[in-house]
Amino acid sequence: MTEFEDRQGKTIAVGSDEAKAAEKLTRENDRGHVFHSWSAQAKINPLPVAKAQGSWFYDYSGKGYFDAGSQLVSANLGHNHPKLVEAINNQLGRVTNLNPAFASDVRGELAEEIVRKAQGDFSHVFFTNGGADAVEHAIRMARKHTGKAKILTAYRSYHGATGSAIMATGEARRHGNPTTDGDIKHFWGPFLYRSAFHATTEAEECERALQHLEDTIDFESDVAAVMVESMVGSSGVIAPPEGYLKGIREICDRKGILWIADEVMVGFGRAGRMFAYENGGEDIQPDLITFAKGVNAGIAPLGGVVMTEAIKSTFDETPYPGGLTYSGHPLACAPGVAALKVYDLENIYSTVRELSSSYLEPRLRQIAKKHPSVGNVRGTGFFWALEFVSDQEAKTPLGTEAMSALGAAAKEAGVWPMVSGHRVHIAPPLTSSAAELQFFLDVLDSAIDKADAAL
């Protein structure tokens, strides 16, 4: 990158005094006034970003970084996809703010498209501002529909940072938050590499995890719904074993409870399908789906809950006790409509599946075999994880210093990696070319030498 535009549309050359001044002001305002999530405020130094395009973003010096995490696994179509930008521009000046009690053409079209394209028999969509409040409302709907209180969610899960959503989260990010929802209980999901069930095969892990879930339901009783990420996201990138989601459907049907599929992170192509639960078989569907991020490729805040007719009809005569000022905001829904068209016209889902099987998976397994610090590689589609250990047999997580060195080496070479504890999550934009993926993995391969050195 040799130049960028500032907020007033003025073109500024990188390396110029104007660029340096703009970077300085951005950094000062951020450190002086912005409170960052999940951070010790005095220990962070966020990178000022001047421009983003495609699979890349750029700092004020002009250095580019391949966006290996699609920001927070949301920029599914990269940055500034022209069709999404066009959709927002077209909506500007038409209707830019609308009370959700009115009908909106773009909101209605997006809901119709999601219902029509999702695998299964669905009826309506309730739009939210993002993933966490989609989870909040799915939980509320499940409770109102069933008349039961308890929600079961898995350990090694993340469902959001608001009241019930953070209580539903099954890992350390829940800690330190007050218990605002005591009717959420946890169970162990399948994860063969660190099995809670002493399993030796995926089939054993699946069978034992399902039995554990059913036992938990029986001992808890009064269960309204089981909520699981269709593929575990930020808590480890863990795809369910074959038969697990189908088993959840069968147990829920037999017990008279609902299945909520959390697709906030993995929906809209991340796992090679519109929704990741579709990888569990052609004949299954959840009762409720939560989504966000990829619905409009993260270009504006938007989420929602997809529901069956049975759940929708619960509120035909009795008002639903909830709402949001910006539910289905026109400037967020317009690029959502455009994004669904792009996913189809550019064959995004099938391309993700093809590149995953032909390049991403083989290359990642080659990298894992080469480096003694890599303990496990797993994933599907454009969502993978490398887990780093200091002892292969004991599976001891690699230390922070080594992981920091790995991350620094990748950034120096032009890749912004998604480092999460002792793992690297691989979640590039779904529009990334084969050449970009090769560049990214070449850099990652080299950076892992830093982790190996710690051994």
# chains A, B, ... in the order shown; residues from 1 in each chain; ligands from 1
$ closest_atom_pairs --of "range 213-276 of chain A" --to "range 308-317 of chain A" --cutoff "12 Å" --atoms "only C-alpha atoms" --output "CSV"
residue,atom,partner,partner_atom,distance
A:Leu258,CA,A:Ile311,CA,9.9
A:Trp259,CA,A:Thr308,CA,11.4
A:Ile260,CA,A:Thr308,CA,11.3
$ write_last_selection --atoms "N, CA and C atoms" --output "CSV table (one decimal), in the first residue's frame"
chain,number,residue,atom,x,y,z
A,258,LEU,N,-35.6,-28.9,23.3
A,258,LEU,CA,-35.1,-28.3,22.1
A,258,LEU,C,-33.6,-28.4,21.9
A,259,TRP,N,-33.2,-28.3,20.7
A,259,TRP,CA,-31.8,-28.2,20.3
A,259,TRP,C,-31.6,-26.9,19.7
A,260,ILE,N,-30.7,-26.1,20.4
A,260,ILE,CA,-30.3,-24.8,19.8
A,260,ILE,C,-28.9,-24.9,19.2
$ select_by_dssp --residues "range 330-420 of chain A" --states "strand (DSSP E or B)" --output "list in words"
Val374, Gly375, Asn376, Val377, Arg378, Gly379, Thr380, Phe383, Trp384, Ala385, Leu386, Glu387, Phe388, Val389, Ser390, Asp391, Thr396, Pro397, Val415, Trp416, Met418, Val419 and Ser420 of chain A
$ atom_distance --atom1 "CA of Gly54 in chain A" --atom2 "CA of Thr26 in chain A"
22.7 Å
$ residues_around --residues "Phe191 in chain A" --least-positions-apart "6" --cutoff "10 Å" --atoms "only C-alpha atoms" --output "ChimeraX atom specification"
/A:156,197,199,202,205-206,209,232,236,238-241
$ write_last_selection --atoms "C-alpha atoms" --output "short mmCIF file (atom, residue, chain, number, x, y, z; two decimals), in the first residue's frame"
data_model
loop_
_atom_site.label_atom_id
_atom_site.label_comp_id
_atom_site.auth_asym_id
_atom_site.auth_seq_id
_atom_site.Cartn_x
_atom_site.Cartn_y
_atom_site.Cartn_z
CA ARG A 156 -15.09 -25.77 26.03
CA PHE A 197 -14.27 -40.16 28.56
CA ALA A 199 -11.94 -42.89 24.60
CA GLU A 202 -13.77 -41.00 17.49
CA GLU A 205 -15.76 -40.54 22.03
CA CYS A 206 -19.05 -39.86 20.26
CA ALA A 209 -20.26 -38.14 25.02
CA VAL A 232 -16.62 -25.37 18.75
CA GLY A 236 -10.56 -24.74 20.58
CA ILE A 238 -13.31 -28.66 17.49
CA ALA A 239 -15.50 -30.31 14.87
CA PRO A 240 -17.96 -32.84 16.32
CA PRO A 241 -17.34 -36.50 15.49
#
$ residues_around --residues "Asp452 in chain A" --least-positions-apart "2" --cutoff "8 Å" --atoms "only C-alpha atoms" --output "number ranges by chain"
A: 371-373, 448-450, 454-455
$ select_by_dssp --residues "range 404-451 of chain A" --states "alpha helix (DSSP H)" --output "PyMOL selection string"
chain A and resi 404-412+434-451
$ residues_around --residues "range 94-101 of chain A" --least-positions-apart "5" --cutoff "7 Å" --atoms "only C-alpha atoms" --output "ChimeraX atom specification"
/A:325-331
$ write_last_selection --atoms "N, CA and C atoms" --output "PDB file, in the first residue's frame"
ATOM      1  N   THR A 325     -33.918  -2.071  19.865  1.00  0.00           N
ATOM      2  CA  THR A 325     -34.107  -0.863  19.061  1.00  0.00           C
ATOM      3  C   THR A 325     -33.637  -1.053  17.627  1.00  0.00           C
ATOM      4  N   TYR A 326     -32.516  -1.748  17.459  1.00  0.00           N
ATOM      5  CA  TYR A 326     -31.913  -1.878  16.124  1.00  0.00           C
ATOM      6  C   TYR A 326     -32.136  -3.259  15.507  1.00  0.00           C
ATOM      7  N   SER A 327     -33.195  -3.948  15.922  1.00  0.00           N
ATOM      8  CA  SER A 327     -33.482  -5.268  15.370  1.00  0.00           C
ATOM      9  C   SER A 327     -33.708  -5.180  13.858  1.00  0.00           C
ATOM     10  N   GLY A 328     -32.843  -5.825  13.103  1.00  0.00           N
ATOM     11  CA  GLY A 328     -32.965  -5.792  11.647  1.00  0.00           C
ATOM     12  C   GLY A 328     -32.701  -4.426  11.059  1.00  0.00           C
ATOM     13  N   HIS A 329     -31.685  -3.737  11.565  1.00  0.00           N
ATOM     14  CA  HIS A 329     -31.350  -2.389  11.093  1.00  0.00           C
ATOM     15  C   HIS A 329     -31.109  -2.409   9.580  1.00  0.00           C
ATOM     16  N   PRO A 330     -31.714  -1.490   8.827  1.00  0.00           N
ATOM     17  CA  PRO A 330     -31.607  -1.518   7.368  1.00  0.00           C
ATOM     18  C   PRO A 330     -30.174  -1.493   6.838  1.00  0.00           C
ATOM     19  N   LEU A 331     -29.308  -0.706   7.482  1.00  0.00           N
ATOM     20  CA  LEU A 331     -27.928  -0.610   6.981  1.00  0.00           C
ATOM     21  C   LEU A 331     -27.108  -1.860   7.291  1.00  0.00           C
TER      22      LEU A 331
END
$ residues_around --residues "Lys24 in chain A" --least-positions-apart "5" --cutoff "10 Å" --atoms "only C-alpha atoms" --output "mmCIF file with N, CA and C atoms, in the first residue's frame"
data_model
loop_
_atom_site.group_PDB
_atom_site.id
_atom_site.type_symbol
_atom_site.label_atom_id
_atom_site.label_comp_id
_atom_site.auth_asym_id
_atom_site.auth_seq_id
_atom_site.Cartn_x
_atom_site.Cartn_y
_atom_site.Cartn_z
ATOM 1 N N GLU A 18 1.914 13.661 7.213
ATOM 2 C CA GLU A 18 0.477 13.553 7.474
ATOM 3 C C GLU A 18 0.120 12.149 7.971
ATOM 4 N N ALA A 19 0.725 11.140 7.359
ATOM 5 C CA ALA A 19 0.458 9.759 7.771
ATOM 6 C C ALA A 19 0.943 9.524 9.196
ATOM 7 N N ASN A 29 -5.731 8.740 20.844
ATOM 8 C CA ASN A 29 -7.158 8.671 21.173
ATOM 9 C C ASN A 29 -7.546 7.282 21.684
ATOM 10 N N ASP A 30 -6.954 6.265 21.081
ATOM 11 C CA ASP A 30 -7.261 4.900 21.521
ATOM 12 C C ASP A 30 -6.774 4.672 22.939
ATOM 13 N N PRO A 48 -2.680 0.611 15.137
ATOM 14 C CA PRO A 48 -3.567 1.476 14.353
ATOM 15 C C PRO A 48 -3.650 0.976 12.906
ATOM 16 N N TYR A 60 -0.271 2.335 9.168
ATOM 17 C CA TYR A 60 -0.038 3.662 8.595
ATOM 18 C C TYR A 60 1.305 3.783 7.885
#
$ residues_around --residues "Leu72 in chain A" --least-positions-apart "5" --cutoff "9 Å" --atoms "only C-alpha atoms" --output "list in words"
Met265, Lys293, Met418 and Ala427 of chain A
$ write_last_selection --atoms "C-alpha atoms" --output "PDB file, in the first residue's frame"
ATOM      1  CA  MET A 265     -18.919 -18.176  14.468  1.00  0.00           C
ATOM      2  CA  LYS A 293     -20.726 -12.503  11.972  1.00  0.00           C
ATOM      3  CA  MET A 418      -5.001 -15.703  15.491  1.00  0.00           C
ATOM      4  CA  ALA A 427      -9.709 -18.723   9.896  1.00  0.00           C
TER       5      ALA A 427
END
$ closest_residue --among "A:Ala52, A:Met403, A:Ala271, A:Leu355" --to "Ser433 in chain A" --atoms "only C-alpha atoms"
A:Leu355
$ closest_residue --among "A:Glu113, A:Gly78, A:Gly160, A:Leu386" --to "Phe66 in chain A" --atoms "only C-alpha atoms"
A:Gly78
$ closest_residue --among "A:Val306, A:Ala410, A:Leu364, A:Ala300" --to "Val85 in chain A" --atoms "only C-alpha atoms"
A:Ala300
$ closest_residue --among "A:Leu444, A:Ala40, A:Val377, A:Ala149" --to "Asp181 in chain A" --atoms "only C-alpha atoms"
A:Ala149
$ atom_distance --atom1 "CA of Phe4 in chain A" --atom2 "CA of Pro82 in chain A"
17.1 Å
$ closest_residue --among "A:Lys341, A:Lys395, A:His79, A:Lys411" --to "Pro428 in chain A" --atoms "only C-alpha atoms"
A:His79
$ closest_residue --among "A:Ile88, A:Ala138, A:Ala168, A:Val415" --to "Ser55 in chain A" --atoms "only C-alpha atoms"
A:Val415
$ atom_distance --atom1 "CA of Gly243 in chain A" --atom2 "CA of Thr146 in chain A"
25.9 Å
$ decode --residues "range 103-168 of chain A" --atoms "C-alpha atoms" --output "PDB file, in the first residue's frame"
ATOM      1  CA  ALA A 103     -41.847  -3.577   7.894  1.00  0.00           C
ATOM      2  CA  SER A 104     -38.572  -3.215   5.999  1.00  0.00           C
ATOM      3  CA  ASP A 105     -37.978  -4.538   2.491  1.00  0.00           C
ATOM      4  CA  VAL A 106     -34.333  -5.514   3.129  1.00  0.00           C
ATOM      5  CA  ARG A 107     -35.087  -7.026   6.536  1.00  0.00           C
ATOM      6  CA  GLY A 108     -37.919  -9.106   5.097  1.00  0.00           C
ATOM      7  CA  GLU A 109     -35.892 -10.232   2.091  1.00  0.00           C
ATOM      8  CA  LEU A 110     -32.967 -11.278   4.264  1.00  0.00           C
ATOM      9  CA  ALA A 111     -35.245 -13.249   6.598  1.00  0.00           C
ATOM     10  CA  GLU A 112     -36.922 -14.979   3.656  1.00  0.00           C
ATOM     11  CA  GLU A 113     -33.580 -15.893   2.098  1.00  0.00           C
ATOM     12  CA  ILE A 114     -32.185 -17.327   5.345  1.00  0.00           C
ATOM     13  CA  VAL A 115     -35.313 -19.397   5.989  1.00  0.00           C
ATOM     14  CA  ARG A 116     -35.360 -20.653   2.399  1.00  0.00           C
ATOM     15  CA  LYS A 117     -31.685 -21.588   2.261  1.00  0.00           C
ATOM     16  CA  ALA A 118     -31.228 -23.147   5.717  1.00  0.00           C
ATOM     17  CA  GLN A 119     -31.351 -26.939   5.811  1.00  0.00           C
ATOM     18  CA  GLY A 120     -34.599 -27.966   7.484  1.00  0.00           C
ATOM     19  CA  ASP A 121     -38.087 -26.626   7.977  1.00  0.00           C
ATOM     20  CA  PHE A 122     -37.917 -23.119   9.440  1.00  0.00           C
ATOM     21  CA  SER A 123     -40.378 -20.271   9.498  1.00  0.00           C
ATOM     22  CA  HIS A 124     -39.162 -16.941  10.920  1.00  0.00           C
ATOM     23  CA  VAL A 125     -36.094 -14.924  11.890  1.00  0.00           C
ATOM     24  CA  PHE A 126     -35.750 -12.602  14.870  1.00  0.00           C
ATOM     25  CA  PHE A 127     -32.913 -10.148  14.172  1.00  0.00           C
ATOM     26  CA  THR A 128     -30.479  -8.988  16.838  1.00  0.00           C
ATOM     27  CA  ASN A 129     -27.418  -6.749  16.985  1.00  0.00           C
ATOM     28  CA  GLY A 130     -24.934  -9.633  17.208  1.00  0.00           C
ATOM     29  CA  GLY A 131     -24.228 -13.126  18.449  1.00  0.00           C
ATOM     30  CA  ALA A 132     -24.489 -12.680  22.207  1.00  0.00           C
ATOM     31  CA  ASP A 133     -27.965 -11.214  22.127  1.00  0.00           C
ATOM     32  CA  ALA A 134     -29.008 -13.861  19.587  1.00  0.00           C
ATOM     33  CA  VAL A 135     -28.059 -16.429  22.227  1.00  0.00           C
ATOM     34  CA  GLU A 136     -29.931 -14.475  24.908  1.00  0.00           C
ATOM     35  CA  HIS A 137     -33.122 -14.500  22.858  1.00  0.00           C
ATOM     36  CA  ALA A 138     -32.806 -18.128  21.781  1.00  0.00           C
ATOM     37  CA  ILE A 139     -32.590 -19.112  25.452  1.00  0.00           C
ATOM     38  CA  ARG A 140     -35.621 -16.956  26.257  1.00  0.00           C
ATOM     39  CA  MET A 141     -37.619 -18.448  23.382  1.00  0.00           C
ATOM     40  CA  ALA A 142     -36.746 -21.991  24.423  1.00  0.00           C
ATOM     41  CA  ARG A 143     -37.870 -21.364  27.970  1.00  0.00           C
ATOM     42  CA  LYS A 144     -41.116 -19.694  26.949  1.00  0.00           C
ATOM     43  CA  HIS A 145     -41.901 -22.383  24.376  1.00  0.00           C
ATOM     44  CA  THR A 146     -41.258 -25.355  26.665  1.00  0.00           C
ATOM     45  CA  GLY A 147     -42.240 -23.891  30.010  1.00  0.00           C
ATOM     46  CA  LYS A 148     -39.000 -25.312  31.427  1.00  0.00           C
ATOM     47  CA  ALA A 149     -36.064 -23.466  32.931  1.00  0.00           C
ATOM     48  CA  LYS A 150     -32.759 -25.253  32.457  1.00  0.00           C
ATOM     49  CA  ILE A 151     -30.382 -24.851  29.515  1.00  0.00           C
ATOM     50  CA  LEU A 152     -27.519 -27.316  29.037  1.00  0.00           C
ATOM     51  CA  THR A 153     -24.321 -26.154  27.352  1.00  0.00           C
ATOM     52  CA  ALA A 154     -20.903 -27.714  26.937  1.00  0.00           C
ATOM     53  CA  TYR A 155     -17.601 -27.069  28.611  1.00  0.00           C
ATOM     54  CA  ARG A 156     -15.090 -25.766  26.031  1.00  0.00           C
ATOM     55  CA  SER A 157     -17.691 -23.415  24.584  1.00  0.00           C
ATOM     56  CA  TYR A 158     -18.179 -19.693  24.122  1.00  0.00           C
ATOM     57  CA  HIS A 159     -21.639 -18.181  23.613  1.00  0.00           C
ATOM     58  CA  GLY A 160     -21.126 -14.461  24.266  1.00  0.00           C
ATOM     59  CA  ALA A 161     -20.349 -11.959  27.014  1.00  0.00           C
ATOM     60  CA  THR A 162     -23.830 -10.840  28.109  1.00  0.00           C
ATOM     61  CA  GLY A 163     -25.882 -12.187  31.046  1.00  0.00           C
ATOM     62  CA  SER A 164     -27.121 -15.666  30.138  1.00  0.00           C
ATOM     63  CA  ALA A 165     -24.666 -15.974  27.251  1.00  0.00           C
ATOM     64  CA  ILE A 166     -21.616 -15.674  29.516  1.00  0.00           C
ATOM     65  CA  MET A 167     -23.182 -18.137  31.951  1.00  0.00           C
ATOM     66  CA  ALA A 168     -23.682 -20.508  29.009  1.00  0.00           C
TER      67      ALA A 168
END
